[in-house]
Each structure stands twice: as structure tokens, then as C-alpha cells.
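Chemist: Supplied structure: target34.pdb, PDB, C-alpha atoms.
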```
ATOM      1  CA  LYS A   1    -164.167-137.744 151.936
ATOM      2  CA  TRP A   2    -164.825-141.181 150.463
ATOM      3  CA  PRO A   3    -161.927-142.571 148.390
ATOM      4  CA  SER A   4    -164.532-144.937 146.940
ATOM      5  CA  LEU A   5    -168.170-145.761 147.564
ATOM      6  CA  PHE A   6    -169.586-148.938 146.045
ATOM      7  CA  LYS A   7    -170.741-152.479 146.601
ATOM      8  CA  GLN A   8    -169.725-155.388 144.401
ATOM      9  CA  GLU A   9    -172.451-157.942 143.761
ATOM     10  CA  ASP A  10    -171.765-161.655 143.551
ATOM     11  CA  ASN A  11    -171.918-161.454 139.746
ATOM     12  CA  GLY A  12    -169.196-158.763 139.734
ATOM     13  CA  ASP A  13    -171.420-155.748 139.071
ATOM     14  CA  LEU A  14    -170.640-152.544 140.984
ATOM     15  CA  VAL A  15    -173.668-150.850 142.500
ATOM     16  CA  GLY A  16    -174.180-147.920 144.796
ATOM     17  CA  TYR A  17    -173.784-147.999 148.545
ATOM     18  CA  SER A  18    -174.968-145.824 151.429
ATOM     19  CA  VAL A  19    -173.065-144.605 154.501
ATOM     20  CA  ASN A  20    -174.813-142.851 157.382
ATOM     21  CA  TYR A  21    -172.847-140.352 159.453
ATOM     22  CA  ALA A  22    -173.381-137.546 161.947
ATOM     23  CA  ILE A  23    -171.629-134.403 163.167
ATOM     24  CA  ASP A  24    -171.741-133.569 166.874
ATOM     25  CA  LEU A  25    -170.937-130.297 168.631
ATOM     26  CA  GLN A  26    -169.764-129.745 172.192
ATOM     27  CA  THR A  27    -169.659-126.260 173.741
ATOM     28  CA  ASP A  28    -167.373-125.404 176.666
ATOM     29  CA  GLY A  29    -166.871-129.077 177.528
ATOM     30  CA  GLY A  30    -170.606-129.725 177.934
ATOM     31  CA  THR A  31    -172.772-132.455 176.475
ATOM     32  CA  TRP A  32    -172.573-133.521 172.860
ATOM     33  CA  GLN A  33    -175.350-132.293 170.582
ATOM     34  CA  THR A  34    -175.979-133.792 167.157
ATOM     35  CA  VAL A  35    -176.140-130.933 164.652
ATOM     36  CA  LEU A  36    -176.207-133.018 161.465
ATOM     37  CA  ASN A  37    -177.447-136.526 160.721
ATOM     38  CA  THR A  38    -177.292-137.500 157.077
ATOM     39  CA  SER A  39    -175.949-140.054 154.628
ATOM     40  CA  ALA A  40    -173.964-140.358 151.419
ATOM     41  CA  THR A  41    -175.479-142.602 148.776
ATOM     42  CA  GLY A  42    -174.028-143.354 145.374
ATOM     43  CA  LYS A  43    -171.307-145.108 143.446
ATOM     44  CA  THR A  44    -167.792-143.839 142.771
ATOM     45  CA  THR A  45    -164.342-145.327 142.419
ATOM     46  CA  SER A  46    -162.467-142.047 141.916
ATOM     47  CA  GLY A  47    -163.275-140.319 145.191
ATOM     48  CA  TYR A  48    -166.064-138.095 146.430
ATOM     49  CA  GLU A  49    -165.873-135.040 148.686
ATOM     50  CA  ARG A  50    -168.635-133.312 150.601
ATOM     51  CA  SER A  51    -168.613-130.217 152.795
ATOM     52  CA  HIS A  52    -170.972-129.015 155.528
ATOM     53  CA  ARG A  53    -171.288-125.660 157.215
ATOM     54  CA  ILE A  54    -171.795-125.876 160.989
ATOM     55  CA  ASP A  55    -172.911-122.667 162.689
ATOM     56  CA  LEU A  56    -171.351-122.321 166.136
ATOM     57  CA  PRO A  57    -173.454-121.023 169.043
ATOM     58  CA  GLN A  58    -172.188-118.580 171.652
ATOM     59  CA  ALA A  59    -169.515-120.118 173.868
ATOM     60  CA  GLY A  60    -167.381-119.028 176.763
ATOM     61  CA  SER A  61    -164.130-120.550 175.591
ATOM     62  CA  THR A  62    -164.159-123.565 173.259
ATOM     63  CA  TRP A  63    -166.074-125.590 170.717
ATOM     64  CA  THR A  64    -165.374-129.235 169.960
ATOM     65  CA  ILE A  65    -166.657-130.911 166.815
ATOM     66  CA  ARG A  66    -166.575-134.610 166.025
ATOM     67  CA  LEU A  67    -167.512-136.639 162.970
ATOM     68  CA  ARG A  68    -169.167-140.009 163.593
ATOM     69  CA  LYS A  69    -169.628-142.760 161.072
ATOM     70  CA  ILE A  70    -172.909-144.466 161.986
ATOM     71  CA  THR A  71    -172.818-147.245 159.413
ATOM     72  CA  ALA A  72    -170.522-149.988 160.641
ATOM     73  CA  ASP A  73    -167.385-150.690 158.624
ATOM     74  CA  ALA A  74    -167.978-153.516 156.172
ATOM     75  CA  ASN A  75    -164.343-154.678 156.321
ATOM     76  CA  SER A  76    -164.803-156.302 152.938
ATOM     77  CA  ALA A  77    -162.949-155.863 149.675
ATOM     78  CA  LYS A  78    -166.313-155.970 147.921
ATOM     79  CA  ILE A  79    -167.538-152.816 149.676
ATOM     80  CA  GLY A  80    -165.891-149.418 149.460
ATOM     81  CA  ASP A  81    -167.081-147.448 152.478
ATOM     82  CA  THR A  82    -163.949-145.857 153.931
ATOM     83  CA  MET A  83    -164.747-142.385 155.251
ATOM     84  CA  THR A  84    -162.166-139.765 156.298
ATOM     85  CA  LEU A  85    -162.122-136.167 157.486
ATOM     86  CA  GLN A  86    -160.203-134.295 154.815
ATOM     87  CA  SER A  87    -160.003-130.821 156.380
ATOM     88  CA  PHE A  88    -161.904-128.148 158.233
ATOM     89  CA  THR A  89    -162.009-124.392 157.797
ATOM     90  CA  GLU A  90    -163.005-121.694 160.236
ATOM     91  CA  VAL A  91    -165.309-119.159 158.589
ATOM     92  CA  ILE A  92    -165.625-115.717 160.153
ATOM     93  CA  ASP A  93    -168.756-113.932 158.974
ATOM     94  CA  ALA A  94    -167.473-110.378 158.857
ATOM     95  CA  LYS A  95    -167.060-107.643 156.311
ATOM     96  CA  LEU A  96    -163.339-107.523 155.686
ATOM     97  CA  ARG A  97    -161.143-105.567 153.325
ATOM     98  CA  TYR A  98    -158.843-107.332 150.913
ATOM     99  CA  PRO A  99    -156.547-104.536 149.726
ATOM    100  CA  ASN A 100    -154.747-105.030 146.419
ATOM    101  CA  THR A 101    -156.560-108.327 145.902
ATOM    102  CA  ALA A 102    -159.038-109.430 143.252
ATOM    103  CA  LEU A 103    -161.639-111.879 144.588
ATOM    104  CA  LEU A 104    -163.604-114.353 142.490
ATOM    105  CA  TYR A 105    -166.691-116.140 143.856
ATOM    106  CA  ILE A 106    -168.221-119.084 142.011
ATOM    107  CA  GLU A 107    -171.002-121.366 143.235
ATOM    108  CA  PHE A 108    -172.055-124.528 141.424
ATOM    109  CA  ASP A 109    -173.626-127.924 141.991
ATOM    110  CA  SER A 110    -170.841-130.417 142.714
ATOM    111  CA  SER A 111    -172.861-133.176 141.052
ATOM    112  CA  GLN A 112    -172.054-131.575 137.709
ATOM    113  CA  PHE A 113    -168.408-132.535 138.250
ATOM    114  CA  ASN A 114    -168.904-135.933 139.938
ATOM    115  CA  GLY A 115    -168.029-134.474 143.313
ATOM    116  CA  SER A 116    -164.583-133.275 142.209
ATOM    117  CA  ILE A 117    -163.340-129.708 142.387
ATOM    118  CA  PRO A 118    -162.949-128.405 138.813
ATOM    119  CA  GLN A 119    -160.052-126.341 137.625
ATOM    120  CA  ILE A 120    -161.113-122.712 137.342
ATOM    121  CA  SER A 121    -159.410-120.094 135.198
ATOM    122  CA  CYS A 122    -160.400-116.513 134.491
ATOM    123  CA  GLU A 123    -159.323-113.634 132.300
ATOM    124  CA  PRO A 124    -159.093-110.471 134.432
ATOM    125  CA  ARG A 125    -158.634-107.081 132.838
ATOM    126  CA  GLY A 126    -155.934-106.107 135.322
ATOM    127  CA  ARG A 127    -155.030-102.931 137.158
ATOM    128  CA  VAL A 128    -156.800 -99.602 136.983
ATOM    129  CA  ILE A 129    -154.041 -97.043 136.437
ATOM    130  CA  ARG A 130    -153.489 -93.334 135.815
ATOM    131  CA  VAL A 131    -154.269 -92.075 132.319
ATOM    132  CA  PRO A 132    -154.579 -88.516 130.965
ATOM    133  CA  ASP A 133    -157.882 -86.902 131.902
ATOM    134  CA  ASN A 134    -158.563 -86.111 128.233
ATOM    135  CA  TYR A 135    -158.102 -89.751 127.178
ATOM    136  CA  ASP A 136    -160.896 -92.239 126.521
ATOM    137  CA  PRO A 137    -159.303 -95.705 126.829
ATOM    138  CA  ASP A 138    -162.333 -97.438 125.298
ATOM    139  CA  THR A 139    -162.258 -95.480 122.043
ATOM    140  CA  ARG A 140    -158.516 -94.696 122.297
ATOM    141  CA  THR A 141    -159.122 -91.039 121.528
ATOM    142  CA  TYR A 142    -157.737 -87.833 123.011
ATOM    143  CA  SER A 143    -159.833 -84.685 123.249
ATOM    144  CA  GLY A 144    -158.481 -81.167 123.396
ATOM    145  CA  THR A 145    -155.128 -80.148 124.810
ATOM    146  CA  TRP A 146    -153.787 -82.112 127.727
ATOM    147  CA  GLN A 147    -152.903 -79.970 130.730
ATOM    148  CA  GLY A 148    -150.998 -82.722 132.547
ATOM    149  CA  ALA A 149    -153.742 -84.016 134.883
ATOM    150  CA  PHE A 150    -154.638 -87.686 135.265
ATOM    151  CA  LYS A 151    -157.669 -89.834 136.027
ATOM    152  CA  TRP A 152    -158.079 -93.497 136.966
ATOM    153  CA  ALA A 153    -159.109 -95.972 134.263
ATOM    154  CA  TRP A 154    -158.235 -99.339 132.782
ATOM    155  CA  THR A 155    -156.105 -99.360 129.652
ATOM    156  CA  ASP A 156    -153.748-101.664 127.796
ATOM    157  CA  ASN A 157    -151.767 -98.774 126.308
ATOM    158  CA  PRO A 158    -148.139 -99.720 127.087
ATOM    159  CA  ALA A 159    -147.031 -96.103 127.532
ATOM    160  CA  TRP A 160    -149.305 -95.528 130.537
ATOM    161  CA  ILE A 161    -148.546 -98.963 131.945
ATOM    162  CA  PHE A 162    -144.887 -97.927 131.816
ATOM    163  CA  TYR A 163    -145.810 -94.734 133.678
ATOM    164  CA  ASP A 164    -147.647 -96.771 136.313
ATOM    165  CA  LEU A 165    -144.588 -98.970 136.883
ATOM    166  CA  VAL A 166    -142.416 -95.938 137.531
ATOM    167  CA  ILE A 167    -144.591 -94.067 140.041
ATOM    168  CA  THR A 168    -146.380 -96.900 141.891
ATOM    169  CA  ASP A 169    -144.836 -97.418 145.328
ATOM    170  CA  ARG A 170    -146.242-100.900 146.047
ATOM    171  CA  PHE A 171    -144.374-102.772 143.324
ATOM    172  CA  GLY A 172    -142.784-100.087 141.155
ATOM    173  CA  LEU A 173    -140.276 -97.304 141.747
ATOM    174  CA  GLY A 174    -142.635 -95.000 143.646
ATOM    175  CA  ASN A 175    -140.595 -95.286 146.851
ATOM    176  CA  ARG A 176    -137.620 -93.748 145.077
ATOM    177  CA  LEU A 177    -139.139 -91.639 142.312
ATOM    178  CA  THR A 178    -142.091 -89.289 142.019
ATOM    179  CA  ALA A 179    -144.222 -88.134 139.120
ATOM    180  CA  ALA A 180    -141.784 -85.252 138.677
ATOM    181  CA  ASN A 181    -139.043 -87.755 137.805
ATOM    182  CA  ILE A 182    -140.644 -89.009 134.600
ATOM    183  CA  ASP A 183    -141.170 -87.132 131.350
ATOM    184  CA  LYS A 184    -144.933 -87.541 130.942
ATOM    185  CA  TRP A 185    -145.101 -85.212 127.945
ATOM    186  CA  THR A 186    -142.924 -87.504 125.835
ATOM    187  CA  LEU A 187    -144.950 -90.484 127.054
ATOM    188  CA  TYR A 188    -148.086 -88.680 125.914
ATOM    189  CA  GLN A 189    -146.723 -88.591 122.361
ATOM    190  CA  VAL A 190    -145.677 -92.241 122.601
ATOM    191  CA  SER A 191    -149.130 -93.247 123.854
ATOM    192  CA  GLN A 192    -150.797 -91.594 120.864
ATOM    193  CA  TYR A 193    -148.460 -93.493 118.557
ATOM    194  CA  CYS A 194    -149.362 -96.756 120.336
ATOM    195  CA  ASP A 195    -153.085 -96.121 119.813
ATOM    196  CA  GLN A 196    -152.858 -95.294 116.118
ATOM    197  CA  PRO A 197    -154.853 -97.834 114.045
ATOM    198  CA  VAL A 198    -152.873-100.118 111.758
ATOM    199  CA  PRO A 199    -153.991-103.029 109.525
ATOM    200  CA  ASP A 200    -154.901-106.075 111.603
ATOM    201  CA  GLY A 201    -153.240-108.492 109.186
ATOM    202  CA  LYS A 202    -156.466-110.360 108.431
ATOM    203  CA  GLY A 203    -157.066-108.776 105.055
ATOM    204  CA  GLY A 204    -159.730-106.267 104.203
ATOM    205  CA  SER A 205    -160.006-102.910 105.912
ATOM    206  CA  GLY A 206    -159.815-104.101 109.526
ATOM    207  CA  THR A 207    -157.571-102.166 111.895
ATOM    208  CA  GLU A 208    -156.253-102.488 115.435
ATOM    209  CA  PRO A 209    -154.105-100.402 117.811
ATOM    210  CA  ARG A 210    -150.432-100.477 116.937
ATOM    211  CA  TYR A 211    -149.248-101.665 120.379
ATOM    212  CA  THR A 212    -151.031-103.099 123.400
ATOM    213  CA  CYS A 213    -149.785-104.572 126.662
ATOM    214  CA  ASN A 214    -151.508-107.500 128.378
ATOM    215  CA  VAL A 215    -149.104-109.111 130.803
ATOM    216  CA  TYR A 216    -149.116-110.758 134.234
ATOM    217  CA  VAL A 217    -145.940-109.879 136.147
ATOM    218  CA  GLN A 218    -145.223-112.622 138.703
ATOM    219  CA  ASP A 219    -141.512-112.337 139.548
ATOM    220  CA  ARG A 220    -139.177-109.725 140.967
ATOM    221  CA  ASN A 221    -136.466-108.382 138.723
ATOM    222  CA  ASP A 222    -133.981-105.576 138.406
ATOM    223  CA  ALA A 223    -135.824-102.260 138.007
ATOM    224  CA  TYR A 224    -133.930-101.133 134.931
ATOM    225  CA  THR A 225    -134.456-104.520 133.275
ATOM    226  CA  VAL A 226    -138.209-104.330 133.848
ATOM    227  CA  LEU A 227    -138.447-100.777 132.484
ATOM    228  CA  ARG A 228    -136.337-101.727 129.477
ATOM    229  CA  ASP A 229    -138.558-104.730 128.739
ATOM    230  CA  PHE A 230    -141.759-102.702 128.993
ATOM    231  CA  ALA A 231    -140.322 -99.925 126.823
ATOM    232  CA  ALA A 232    -139.528-102.577 124.217
ATOM    233  CA  ILE A 233    -143.272-103.175 123.851
ATOM    234  CA  PHE A 234    -143.562 -99.850 122.015
ATOM    235  CA  ARG A 235    -140.118-100.282 120.404
ATOM    236  CA  GLY A 236    -138.664 -97.804 122.828
ATOM    237  CA  MET A 237    -135.676 -97.108 124.988
ATOM    238  CA  THR A 238    -135.235 -95.355 128.320
ATOM    239  CA  TYR A 239    -132.535 -93.089 129.676
ATOM    240  CA  TRP A 240    -131.980 -90.828 132.674
ATOM    241  CA  GLY A 241    -131.572 -87.174 131.857
ATOM    242  CA  GLY A 242    -132.118 -83.994 133.844
ATOM    243  CA  ASP A 243    -133.413 -85.842 136.934
ATOM    244  CA  GLN A 244    -136.032 -87.572 134.817
ATOM    245  CA  ILE A 245    -136.650 -90.947 133.221
ATOM    246  CA  VAL A 246    -137.287 -90.365 129.536
ATOM    247  CA  ALA A 247    -138.878 -93.017 127.331
ATOM    248  CA  LEU A 248    -138.540 -92.690 123.572
ATOM    249  CA  ALA A 249    -140.063 -94.801 120.823
ATOM    250  CA  ASP A 250    -138.945 -95.623 117.306
ATOM    251  CA  MET A 251    -141.560 -93.475 115.601
ATOM    252  CA  PRO A 252    -141.694 -90.556 113.167
ATOM    253  CA  ARG A 253    -140.648 -87.246 114.721
ATOM    254  CA  ASP A 254    -139.378 -83.816 113.775
ATOM    255  CA  VAL A 255    -135.749 -83.457 112.698
ATOM    256  CA  ASP A 256    -133.519 -82.479 115.633
ATOM    257  CA  TYR A 257    -130.619 -81.217 113.573
ATOM    258  CA  ALA A 258    -129.700 -81.273 109.889
ATOM    259  CA  TYR A 259    -126.124 -82.303 109.065
ATOM    260  CA  THR A 260    -124.715 -81.317 105.675
ATOM    261  CA  ARG A 261    -121.264 -81.086 104.141
ATOM    262  CA  ALA A 262    -121.291 -77.424 105.110
ATOM    263  CA  ASN A 263    -121.333 -78.055 108.884
ATOM    264  CA  VAL A 264    -119.110 -81.139 109.316
ATOM    265  CA  ILE A 265    -115.323 -81.260 109.590
ATOM    266  CA  ASP A 266    -113.680 -81.130 106.186
ATOM    267  CA  GLY A 267    -117.106 -81.594 104.619
ATOM    268  CA  ARG A 268    -116.727 -85.360 104.758
ATOM    269  CA  PHE A 269    -118.938 -88.125 106.165
ATOM    270  CA  THR A 270    -117.727 -91.480 107.452
ATOM    271  CA  TYR A 271    -120.152 -94.327 106.921
ATOM    272  CA  SER A 272    -120.427 -97.635 108.754
ATOM    273  CA  SER A 273    -122.788-100.581 108.539
ATOM    274  CA  SER A 274    -123.779-103.647 110.519
ATOM    275  CA  THR A 275    -121.857-106.900 110.420
ATOM    276  CA  THR A 276    -123.112-109.879 108.472
ATOM    277  CA  LYS A 277    -123.959-111.693 111.717
ATOM    278  CA  THR A 278    -126.477-109.020 112.679
ATOM    279  CA  ARG A 279    -128.151-108.795 109.278
ATOM    280  CA  TYR A 280    -131.163-110.912 110.137
ATOM    281  CA  THR A 281    -133.324-112.259 107.364
ATOM    282  CA  THR A 282    -135.916-114.209 109.358
ATOM    283  CA  ALA A 283    -137.424-113.880 112.810
ATOM    284  CA  LEU A 284    -139.144-116.175 115.287
ATOM    285  CA  VAL A 285    -141.324-114.198 117.689
ATOM    286  CA  SER A 286    -142.756-115.641 120.906
ATOM    287  CA  TRP A 287    -146.146-114.244 121.945
ATOM    288  CA  SER A 288    -149.059-115.205 124.240
ATOM    289  CA  ASP A 289    -151.964-116.824 122.402
ATOM    290  CA  PRO A 290    -155.340-116.054 124.087
ATOM    291  CA  GLY A 291    -156.935-118.810 122.022
ATOM    292  CA  ASN A 292    -154.744-121.369 123.802
ATOM    293  CA  ALA A 293    -155.014-120.189 127.423
ATOM    294  CA  TYR A 294    -152.274-117.610 126.764
ATOM    295  CA  ALA A 295    -149.657-120.280 126.205
ATOM    296  CA  ASP A 296    -146.546-119.247 124.297
ATOM    297  CA  ALA A 297    -146.937-119.367 120.529
ATOM    298  CA  MET A 298    -144.326-118.809 117.844
ATOM    299  CA  GLU A 299    -144.788-116.465 114.894
ATOM    300  CA  PRO A 300    -142.290-117.007 112.043
ATOM    301  CA  VAL A 301    -141.403-114.012 109.878
ATOM    302  CA  PHE A 302    -139.611-114.546 106.569
ATOM    303  CA  GLU A 303    -138.203-111.976 104.134
ATOM    304  CA  GLN A 304    -137.343-113.780 100.893
ATOM    305  CA  PRO A 305    -135.328-110.911  99.286
ATOM    306  CA  LEU A 306    -133.097-110.685 102.365
ATOM    307  CA  VAL A 307    -132.633-114.455 102.512
ATOM    308  CA  ALA A 308    -131.624-114.473  98.857
ATOM    309  CA  ARG A 309    -129.065-111.735  99.510
ATOM    310  CA  TYR A 310    -127.633-112.602 102.942
ATOM    311  CA  GLY A 311    -128.679-116.205 103.521
ATOM    312  CA  PHE A 312    -130.648-117.634 106.425
ATOM    313  CA  ASN A 313    -129.961-115.715 109.660
ATOM    314  CA  GLN A 314    -132.740-115.987 112.231
ATOM    315  CA  LEU A 315    -133.545-113.529 115.020
ATOM    316  CA  GLU A 316    -135.408-114.888 118.042
ATOM    317  CA  MET A 317    -137.563-112.382 119.917
ATOM    318  CA  THR A 318    -139.938-112.430 122.881
ATOM    319  CA  ALA A 319    -142.862-110.037 122.493
ATOM    320  CA  ILE A 320    -143.673-109.194 126.120
ATOM    321  CA  GLY A 321    -147.339-108.415 126.694
ATOM    322  CA  CYS A 322    -148.246-109.297 123.098
ATOM    323  CA  THR A 323    -151.505-111.235 122.677
ATOM    324  CA  ARG A 324    -152.038-110.690 118.948
ATOM    325  CA  GLN A 325    -150.415-112.639 116.144
ATOM    326  CA  SER A 326    -150.479-109.600 113.868
ATOM    327  CA  GLU A 327    -148.552-107.512 116.394
ATOM    328  CA  ALA A 328    -146.013-110.302 116.842
ATOM    329  CA  ASN A 329    -145.557-110.343 113.069
ATOM    330  CA  ARG A 330    -144.968-106.582 113.018
ATOM    331  CA  LYS A 331    -142.383-106.874 115.782
ATOM    332  CA  GLY A 332    -140.578-109.563 113.832
ATOM    333  CA  ARG A 333    -140.446-107.459 110.674
ATOM    334  CA  TRP A 334    -139.211-104.486 112.675
ATOM    335  CA  GLY A 335    -136.486-106.661 114.190
ATOM    336  CA  ILE A 336    -135.373-107.783 110.747
TER     337      ILE A 336
END
```
Please go through the file and, once you have read it, give me the structure as C-alpha cells.
Modeler:
Amino acid sequence: KWPSLFKQEDNGDLVGYSVNYAIDLQTDGGTWQTVLNTSATGKTTSGYERSHRIDLPQAGSTWTIRLRKITADANSAKIGDTMTLQSFTEVIDAKLRYPNTALLYIEFDSSQFNGSIPQISCEPRGRVIRVPDNYDPDTRTYSGTWQGAFKWAWTDNPAWIFYDLVITDRFGLGNRLTAANIDKWTLYQVSQYCDQPVPDGKGGSGTEPRYTCNVYVQDRNDAYTVLRDFAAIFRGMTYWGGDQIVALADMPRDVDYAYTRANVIDGRFTYSSSTTKTRYTTALVSWSDPGNAYADAMEPVFEQPLVARYGFNQLEMTAIGCTRQSEANRKGRWGI
């Protein structure tokens, strides 16, 4: 590495400079052999890094590598020629497995970035998980009657991501629960509700899935808290009943039981309502904006008739896994 590489002329101009150097290799304490003899030529005041790959021959015990600067030190403030060894890495050429790891390989010409290492970001799709075998995650359609079997595919349907969290043993609850401990049939109904097309909020006839989940989980947390947060993506709740985790969603469903004056005590109903403090009239929803490197963005939701009636009372919400402004807006209106 060269912190700087330049020469200052008598008139003050900075020009390029050249430094010759070599890399020597010693095997099993034998003689030194020069394996690289080259130079660095150019001008920089912000640092320059260079790497070399040195193939090691067969050895009985050890290899020793040294870096030699051939060009003598100028020892002058007008010449930047300091050269240092930044680091070295041992590379083992072998076919290795990297379980549960996504690898990204990028090769580029360092001259495009003035010798500096650029910041690299990517947008992975995420885990491949279990989905019903009659489900096409690309078209979000279900064919025929589901018999309960699964296949492996990528999806952003929050219902099946919830299912994956419950039964996966590496980071979920799979060490304590099995597939028999979750009501997959109710989740199947919830997943269909998540995939139903709704207006995309951009005007016209455009539609989008009602709920999606695109999230990067980085921290450990209480299991029930995580399941509750993921169920909230599809406006749901979870409970334990009959040795199973059941996830329900706030969606249209058949009537469970009809109550009338004929089947209640004394034929009378007692009504209650929410307090004024919980009658929200506006909402501020936090969501992840893909147009800004998935940084948090705020979506304000305002209901003028409610403000006129109850005053300004704001609800702050975090839309976990939400990467669409329209979905954040829908969550805010639901919260109000």
C-alpha cells in the first residue's frame, strides 16, 4: 500500500512517481527466489492499494515470503514514496461448501475506482422456503385442491414466511415444534387473502398483492414477539390451541355464531366503545423504501372527517417487511 505516490517539482506541480519492488519466496529455509519484480507508477495523494497472487510450490514444512522495496527511499517531503505491507491472505484452492451462506463474486478493474475498494451493495431475494405444491409464487395463483403437501420455492407471501419461521430448526422454532404443531389449513386461507390483488394507489387500474414480506432479520428476539410481529404483516394474531399455533387474519370470513335477543340473557345487549385516547385520526407509518437503499421512510395518513370530530390524535406504526408506500398507507388506514 502507498499512502501517497507523487513528486513535487520545483514550481510546486505534483507529478507521478515510480517505485520498483520485488517479492521473494523461500521454501523450507532454502535460498530466496524472486517470484515478482514490478513497479508502481502514478500519482495519488489519497492512497493506493495493490494485490498480488503468489502460487506456492510444494514444500516439506514452511514457506517464507518477503517484500522488498528496490527503489531507495527519497527521504524528502517533496516525494511521496512510502510503501507498506497492508495484509496477506492464504488462499486454499479447493471446492468447499458454504452451508446457509450466500456468496457474491465481483471482479473489476481497480483503476476504475482510483485504486480504492468501492462499497458494494446487493438486493438478494432471500430464502427459498416451503410453499403449497399447488401454488405458483410467480403468478400468485393456486390450482386445484390442496392436499397438504409442500414444495420449495421463493415467495414473499407473509403467511408462508410465518410458517417457515415456526418449523425451521436453524433459526426458528423447529427444535421445539414440528409441522404438526401449526395449523397450515388456516394459513392457506390467509395466504390466499395476502395474494389477492388490490389497487396499487397510483391511479388507474393497476393492482398489487395485498400483503408482501421483504425483511432482513439480523437480531435475536423472543420467539413469541417475532411471531407476533410477522403475523402483524397480514393484520393477524396468533394463539396456542389444541397443541397447535393458529394464525388468524383480519379478513372476511363466515359467521361463527349469530347472537340475537332470543339467545342472550334477558334479551339485552351491553355495548362498550373505545376511549377518546385510542380514537386515532391520523397515522404515521414507517416502511422500508427500496428507492432509497431500503432506508426507513414515513408515510402520513390523514382522515379529515375523524380529525374534525375527535381532533388530532396520531398513531405511530412500524410496517415490518413493507417495501411499498401503498401498502404502508393501507396499514395506516387500517390502524385508524
Chemist: Enclose all atoms of stretch 111-124 of chain A listed in the file in an axis-aligned box, grow every side by 8 Å, and hand back centre and edge lengths in Å to one decimal, as lines of an AutoDock Vina configuration file.
Modeler:
```
center_x = -166.0
center_y = -123.2
center_z = 137.8
size_x = 29.8
size_y = 41.5
size_z = 27.0
```
Chemist: If the PyMOL selection byres ((chain A and resi 310) around 9) were run on this exact file, what residues would it hold? Put them as a list in words.
Modeler: Thr276, Arg279, Tyr280, Thr281, Pro305, Leu306, Val307, Ala308, Arg309, Gly311, Phe312 and Asn313 of chain A
Chemist: Just give me the gap between atom CA of A:Arg125 and atom CA of A:Gln189 in Å, one decimal is fine.
Modeler: 24.4 Å
Chemist: Let me know the residues the PyMOL selection byres ((chain A and resi 106) around 12) catches in the file above, as a ChimeraX atom specification.
Modeler: /A:103-105,107-110,117-122
Chemist: Evaluated on this file, the PyMOL selection byres ((chain A and resi 85-89) around 10) picks out some residues - which ones are they, written as number ranges by chain?
Modeler: A: 1-2, 49-53, 66-67, 83-84, 90-92
Chemist: Atom CA of A:Gln244 and atom CA of A:Lys331 are how many Å apart?
Modeler: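 If I compute the distance from atom CA of A:Gln244 to atom CA of A:Lys331, I get 27.8 Å.
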Chemist: So that each row is one residue of stretch 98-142 of chain A with an atom at most 10 Å from stretch 146-160 of chain A, can you give its shortest atom pair and the distance in Å to one decimal, using all atoms listed in the file, rows by chain and rising number, as JSON lines?
Modeler:
```
{"residue": "A:Arg125", "atom": "CA", "partner": "A:Trp154", "partner_atom": "CA", "distance": 7.8}
{"residue": "A:Gly126", "atom": "CA", "partner": "A:Trp154", "partner_atom": "CA", "distance": 7.6}
{"residue": "A:Arg127", "atom": "CA", "partner": "A:Trp154", "partner_atom": "CA", "distance": 6.5}
{"residue": "A:Val128", "atom": "CA", "partner": "A:Trp154", "partner_atom": "CA", "distance": 4.4}
{"residue": "A:Ile129", "atom": "CA", "partner": "A:Trp152", "partner_atom": "CA", "distance": 5.4}
{"residue": "A:Arg130", "atom": "CA", "partner": "A:Trp152", "partner_atom": "CA", "distance": 4.7}
{"residue": "A:Val131", "atom": "CA", "partner": "A:Phe150", "partner_atom": "CA", "distance": 5.3}
{"residue": "A:Pro132", "atom": "CA", "partner": "A:Phe150", "partner_atom": "CA", "distance": 4.4}
{"residue": "A:Asp133", "atom": "CA", "partner": "A:Phe150", "partner_atom": "CA", "distance": 4.7}
{"residue": "A:Asn134", "atom": "CA", "partner": "A:Trp146", "partner_atom": "CA", "distance": 6.2}
{"residue": "A:Tyr135", "atom": "CA", "partner": "A:Trp146", "partner_atom": "CA", "distance": 8.8}
{"residue": "A:Asp136", "atom": "CA", "partner": "A:Ala153", "partner_atom": "CA", "distance": 8.8}
{"residue": "A:Pro137", "atom": "CA", "partner": "A:Thr155", "partner_atom": "CA", "distance": 5.6}
{"residue": "A:Asp138", "atom": "CA", "partner": "A:Thr155", "partner_atom": "CA", "distance": 7.8}
{"residue": "A:Arg140", "atom": "CA", "partner": "A:Asn157", "partner_atom": "CA", "distance": 8.8}
{"residue": "A:Tyr142", "atom": "CA", "partner": "A:Trp146", "partner_atom": "CA", "distance": 8.4}
```
Chemist: Rank nothing, just name the residue among A:Asp289, A:Glu327, A:Asp200, A:Asp266 nearest to A:Ile233, using only C-alpha atoms.
Modeler: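 Closest residue, counting only C-alpha atoms: A:Glu327.
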Chemist: Between A:Thr41, A:Thr31, A:Thr318, A:Thr323, which residue has the minimum interatomic distance to A:Gly335, considering all atoms listed in the file?
Modeler: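 Residue with the minimum atom-to-atom distance to A:Gly335: A:Thr318.
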Chemist: Using atom CA of A:Ile161 and atom CA of A:Asn292 as the two end points, give the distance in Å to one decimal.
Modeler: 24.6 Å
Chemist: Leaving out stretch 297-302 of chain A and any residue of its chain fewer than 3 positions from it, which residues lie within 8 Å of it when counting only C-alpha atoms, given as a ChimeraX atom specification?
Modeler: /A:281-289,325,328-329,332-333
Chemist: For A:Arg210, list every protein, DNA or RNA residue within 10 Å, evaluated using all atoms listed in the file, and leave out those in the same chain fewer than 6 positions away; present the list as a list of chain:residue names.
Modeler: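 The residues that qualify are A:Asn157, A:Gln192, A:Tyr193, A:Cys194, A:Asp195, A:Gln196, A:Pro197, A:Val198, A:Pro199, A:Asp200, A:Phe234, A:Ser326, A:Glu327, A:Arg330.
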Chemist: Using only C-alpha atoms, what table do you get, as a tab-separated table, when you list each residue of stretch 77-99 of chain A with an atom no more than 9 Å from stretch 7-12 of chain A, its nearest pair of atoms, and their distance in Å rounded to one decimal, rows by chain then rising number?
Modeler:
```
residue	atom	partner	partner_atom	distance
A:Ala77	CA	A:Gln8	CA	8.6
A:Lys78	CA	A:Gln8	CA	4.9
A:Ile79	CA	A:Lys7	CA	4.5
A:Gly80	CA	A:Lys7	CA	6.4
A:Asp81	CA	A:Lys7	CA	8.6
```
Chemist: If you count only C-alpha atoms, which residues fall within 6 Å of stretch 17-24 of chain A, apart from same-chain ones fewer than 5 positions away, as JSON, numbers by chain?
Modeler: {"A": [6, 7, 33, 34, 35, 36, 37, 38, 39, 40, 41, 42, 65, 66, 67, 68, 69, 70, 71]}
Chemist: Ranking A:Val215, A:Asp243, A:Ala231, A:Gly201 by minimum distance to A:Leu177 and counting only C-alpha atoms, which one comes first?
Modeler: A:Asp243
